[in-house]
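Colleague: So that we are looking at the same thing, I have put the structure below in structure tokens.
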Amino acid sequence: KIADMINDKKIDGISYINDESDRNGLRIIIILKHDAVASVVLNTLFKNTPLQTSFAVNNIALVNGRPQMLPMRDLIKYFIEHRHDVVVRRTRFDKRKAEERLHIVQGLLIAQDNIDEIVRIIRASQTPDAAKQTMIERFELSDIQASAIIEMRLRALTGLERGKLLAERDELEKLIAHLTEVLANVGMQMQIIKDELLEIKEKYGDERRSEIVYASEEFNPEDFYADDDMVITISHMGYIKRTPLAEYRTQNRGGVGAKGSATRDEDFIEHIYVASMHNTMLFFTEKGRCFWLKVYEIPEGARSSKGRAIQNVIQIEPDDKVRAYINVKSLADAEYVNDNYIIMCTKDGTIKKTKLEAYSRPRQNGVNAIVIREGDQLIEAKLTSGNAEVMIAARDGKAIRFNESTVRPIGRVGAGVRGISIEDGDEVVGMICVEPDSKQDVLVLSENGYGKRTDLDEYRITNRGGKGVKTINITEKTGKLISIQAVTDDNDLMIINRSGLTIRTAVSQIRLAGRATQGVRIINLREGDAIASVMAVPAAGEEEEVQPAEGVETGGETPGAAPAEE
């Protein structure tokens, strides 16, 4: 049956299938084609045939009388609450029963102490009810106590029976005192729950008879995914998705863009990253936390889809946001993680350098990457070789360039050192790290869509912690500086607006300009719109341009755009 199913599926890579019998039973032999990858075929078999089976478990339980599907943590929580309720109600019941029995025992002891008069009252009464009423009035007994005395057998008059009653009274008094203490002490109630569970474990616990393991040692989730480049987008409200890079078109400078994401009115795309499917992504949040995630684990979505809430993908706090990422091919290479570094920069101009090895042991709950002081936040993190040149740009148009070697590497727990000195009211907008001989230019973009490309050598190397030099001429027309990128002619520039529109334009269309110039218009912004995120991505082939909005031209120089230098 399995062989028939394999044939029906027409799985690529299989040359032919043979079966043979021996004393161990029937075996299926699958012969692969000479160019087939065994692990890929194997995992495809697991996916499409019963050779390996997976099943889902719906943990549904009654919570306050209503059925709910619960994760493991909530299952344990509500089970403990249920056991606590059982213990409290059972203790109250036991205490009530003990108090009722003590009440009867006290009445029987009164009867034994006055047995002669009790006998006289019973003999003198016409009916049991009359005897009960007389005893109640004479000895101040309750109806329950009087009934117990009437039904008492003669053997209870012996001294031995009296001793038993006295011992029972003492035991009941101790039990009632203990139960009263339990009801008043939550810690004792929890200890009872623990002791009872340990008792159940001791009585009924045995070794697991079934074993849940991967059906093959060669199983690797990466075998199901082609190592394609993906665009990873994160919105302002924290929605994440991955989309094939090929879905984004290339347009000429000055275009209006194509619809890049479906967002709510109050949401917009804030970050855009590029990585291949088999890479590991290190996510850095503005509070200085680091999280790990394989690219194929990120939910896939179309270019126009909203994505999935990032809190459902990585366990970040509700008030935290992803600010930067590191794209790593492998964390298992000891030489690689010890020879490379992560440089982080905060909004106040603090910079920190740490070996990649400090982040080579993924944890589901993340780790602290940098100590963030009050009022500050992480804005960028880059992977470097240890010899890069670092540039930090501030919102008021200043940038500083210094060598990475001037920053001493420190451990994962630390706050870093001063990278750039900024004035009050100013803040850092970005950081780039340029490796030697990379031949990269510096591209800056203002919030109103003006930008320019400048040769890196126009920025002189200074000491770390200085105020920097002018990188763009800030005017009312250009608006404040919003981004700094390291680019080459082989890059495209991808820009996403707050409205969700995207434009992808070739960097080669943006000519080189002086360091202190105003630049040219890179993107036309509609009224009320603004740039949300900028990212340099690998260049793609020319594709058909999207239709522009009415009254707007695309391609070439944009009408009304500023010249390269003003």
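Labeling convention for the structure tokens: chains A, B, ... as they appear, residues from 1 per chain, ligands from 1 in order of appearance.
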Show which residues sit within 6 Å of Thr346 of chain A, as a VMD selection string. Count only C-alpha atoms, and ignore same-chain residues fewer than 3 positions away.
Modeller: chain A and resid 349 to 350 377 to 379
Colleague: Those same residues - N, CA and C atoms - I'd like them written as a short mmCIF file (atom, residue, chain, number, x, y, z; two decimals), in the first residue's frame.
Modeller:
```
data_model
loop_
_atom_site.label_atom_id
_atom_site.label_comp_id
_atom_site.auth_asym_id
_atom_site.auth_seq_id
_atom_site.Cartn_x
_atom_site.Cartn_y
_atom_site.Cartn_z
N GLY A 349 23.12 57.61 21.22
CA GLY A 349 24.48 57.63 20.70
C GLY A 349 25.44 56.67 21.38
N THR A 350 24.94 55.76 22.23
CA THR A 350 25.78 54.75 22.86
C THR A 350 26.05 53.62 21.87
N GLN A 377 16.84 53.77 23.82
CA GLN A 377 16.38 52.54 23.18
C GLN A 377 17.35 52.13 22.09
N LEU A 378 17.42 50.84 21.82
CA LEU A 378 18.27 50.32 20.76
C LEU A 378 17.66 50.64 19.40
N ILE A 379 18.50 51.09 18.44
CA ILE A 379 17.98 51.42 17.12
C ILE A 379 18.62 50.59 16.01
#
```
Colleague: Pick out the residues sitting within 10 Å of Lys95 of chain A, and hand them over as a VMD selection string; count only C-alpha atoms, and ignore anything fewer than 5 positions along from it in its own chain.
Modeller: chain A and resid 89 to 90 100 to 101 172 175 to 180 183
Colleague: Out of A:Ile272, A:Ile232, A:Ile432, A:Met72, which residue has the shortest atom-to-atom distance to Ala532 of chain A when counting only C-alpha atoms?
Modeller: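 Of A:Ile272, A:Ile232, A:Ile432, A:Met72, the one nearest Ala532 of chain A is A:Ile272, counting only C-alpha atoms.
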Colleague: Based on DSSP run over this structure's backbone, return all residues of segment 104-205 of chain A in alpha helix (DSSP H), as a PyMOL selection string.
Modeller: chain A and resi 104-113+115-124+128-139+143-150+159-184+186-204
Colleague: Please run DSSP on the backbone and report, as number ranges by chain, all residues within segment 368-474 of chain A that come out as strand (DSSP E or B).
Modeller: A: 368, 378-384, 389-394, 398-403, 417-418, 428-434, 441-446, 450-455, 469-470
Colleague: Nearest residue to Arg83 of chain A out of A:Gln112, A:Ser125, A:Lys194, A:Glu374, using only C-alpha atoms?
Modeller: A:Lys194
Colleague: Just want the 7 Å neighbourhood of segment 238-244 of chain A, counted on only C-alpha atoms, with same-chain residues fewer than 3 positions away dropped. Output as number ranges by chain.
Modeller: A: 229-235, 247, 298-303, 306-310, 321
Colleague: Using only C-alpha atoms, please write the residues we just selected to a file, as a compact mmCIF listing (two decimals), in the first residue's frame.
Modeller:
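Just written: again.txt:
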```
# COMPACT_ATOMS: atom_id res chain seq x y z
CA ASP A 229 15.88 35.25 -0.63
CA MET A 230 12.97 36.60 1.39
CA VAL A 231 11.79 40.08 2.30
CA ILE A 232 10.88 40.20 5.99
CA THR A 233 8.61 43.08 6.98
CA ILE A 234 7.55 44.21 10.44
CA SER A 235 4.80 46.78 10.93
CA GLU A 247 7.58 39.74 -5.83
CA ILE A 298 8.56 33.22 10.01
CA PRO A 299 4.95 33.09 8.68
CA GLU A 300 4.78 33.48 4.91
CA GLY A 301 2.44 36.04 3.40
CA ALA A 302 1.69 37.72 0.11
CA ARG A 303 3.07 41.21 -0.54
CA LYS A 306 -0.81 42.01 6.93
CA GLY A 307 1.29 39.22 8.46
CA ARG A 308 1.17 37.76 11.94
CA ALA A 309 1.62 39.42 15.34
CA ILE A 310 5.29 39.11 16.27
CA LYS A 321 9.41 46.27 19.46
```
Colleague: What lies within 9 Å of segment 453-455 of chain A using only C-alpha atoms, ignoring chain neighbours under 3 positions off, as a list of chain:residue names?
Modeller: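 Non-adjacent residues within range: A:Lys439, A:Gln440, A:Asp441, A:Val442, A:Leu443, A:Val444, A:Glu458, A:Tyr459, A:Thr471, A:Val487, A:Val507, A:Ile510, A:Arg511, A:Leu512, A:Ala513, A:Gly514, A:Arg515, A:Gly519.
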Colleague: Could you give me, as number ranges by chain, the residues within 7 Å of Leu481 of chain A, counting only C-alpha atoms and dropping anything in the same chain fewer than 6 positions from it?
Modeller: A: 395-397, 445-447
Colleague: Save the residues we just selected, N, CA and C atoms, as a PDB file, in the first residue's frame?
Modeller:
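Wrote it out as again.pdb, contents follow:
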```
ATOM      1  N   ARG A 395      19.605  62.829  13.646  1.00  0.00           N
ATOM      2  CA  ARG A 395      18.421  63.377  12.980  1.00  0.00           C
ATOM      3  C   ARG A 395      18.656  64.792  12.450  1.00  0.00           C
ATOM      4  N   ASP A 396      19.503  65.570  13.099  1.00  0.00           N
ATOM      5  CA  ASP A 396      19.745  66.941  12.669  1.00  0.00           C
ATOM      6  C   ASP A 396      20.762  67.033  11.538  1.00  0.00           C
ATOM      7  N   GLY A 397      21.188  65.889  10.971  1.00  0.00           N
ATOM      8  CA  GLY A 397      22.008  65.912   9.769  1.00  0.00           C
ATOM      9  C   GLY A 397      23.497  65.746   9.993  1.00  0.00           C
ATOM     10  N   LEU A 445      18.705  59.633   3.531  1.00  0.00           N
ATOM     11  CA  LEU A 445      17.351  59.968   3.069  1.00  0.00           C
ATOM     12  C   LEU A 445      16.653  60.768   4.152  1.00  0.00           C
ATOM     13  N   SER A 446      15.963  61.844   3.742  1.00  0.00           N
ATOM     14  CA  SER A 446      15.223  62.678   4.686  1.00  0.00           C
ATOM     15  C   SER A 446      13.753  62.272   4.708  1.00  0.00           C
ATOM     16  N   GLU A 447      13.021  62.757   5.704  1.00  0.00           N
ATOM     17  CA  GLU A 447      11.650  62.311   5.910  1.00  0.00           C
ATOM     18  C   GLU A 447      10.695  62.786   4.822  1.00  0.00           C
TER      19      GLU A 447
END
```
Colleague: Counting only C-alpha atoms, which of A:Gln68, A:Tyr16, A:Gly375, A:Val87 gets nearest to Glu196 of chain A?
Modeller: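 The answer is A:Val87, which sits nearest to Glu196 of chain A.
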Colleague: Please, what distance in Å, to one decimal, runs between atom CA of Asp74 of chain A and atom CA of Ile60 of chain A?
Modeller: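 Computed distance, atom CA of Asp74 of chain A to atom CA of Ile60 of chain A, equals 10.8 Å.
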Colleague: Please indicate the distance in Å from atom CA of Gly366 of chain A to atom CA of Leu331 of chain A, rounded to one decimal place.
Modeller: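 Atom CA of Leu331 of chain A lies 15.3 Å from atom CA of Gly366 of chain A.
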Colleague: Set the distance at 8 Å and use only C-alpha atoms: which residues neighbour Ala399 of chain A once local chain neighbours fewer than 6 positions away are removed? I'd like the list as a ChimeraX atom specification.
Modeller: /A:391-393,467-471
Colleague: From the options A:Asp348, A:Asp228, A:Glu476, A:Glu335, which residue's atoms come nearest to Asp426 of chain A, counting only C-alpha atoms?
Modeller: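 Closest residue, counting only C-alpha atoms: A:Asp348.
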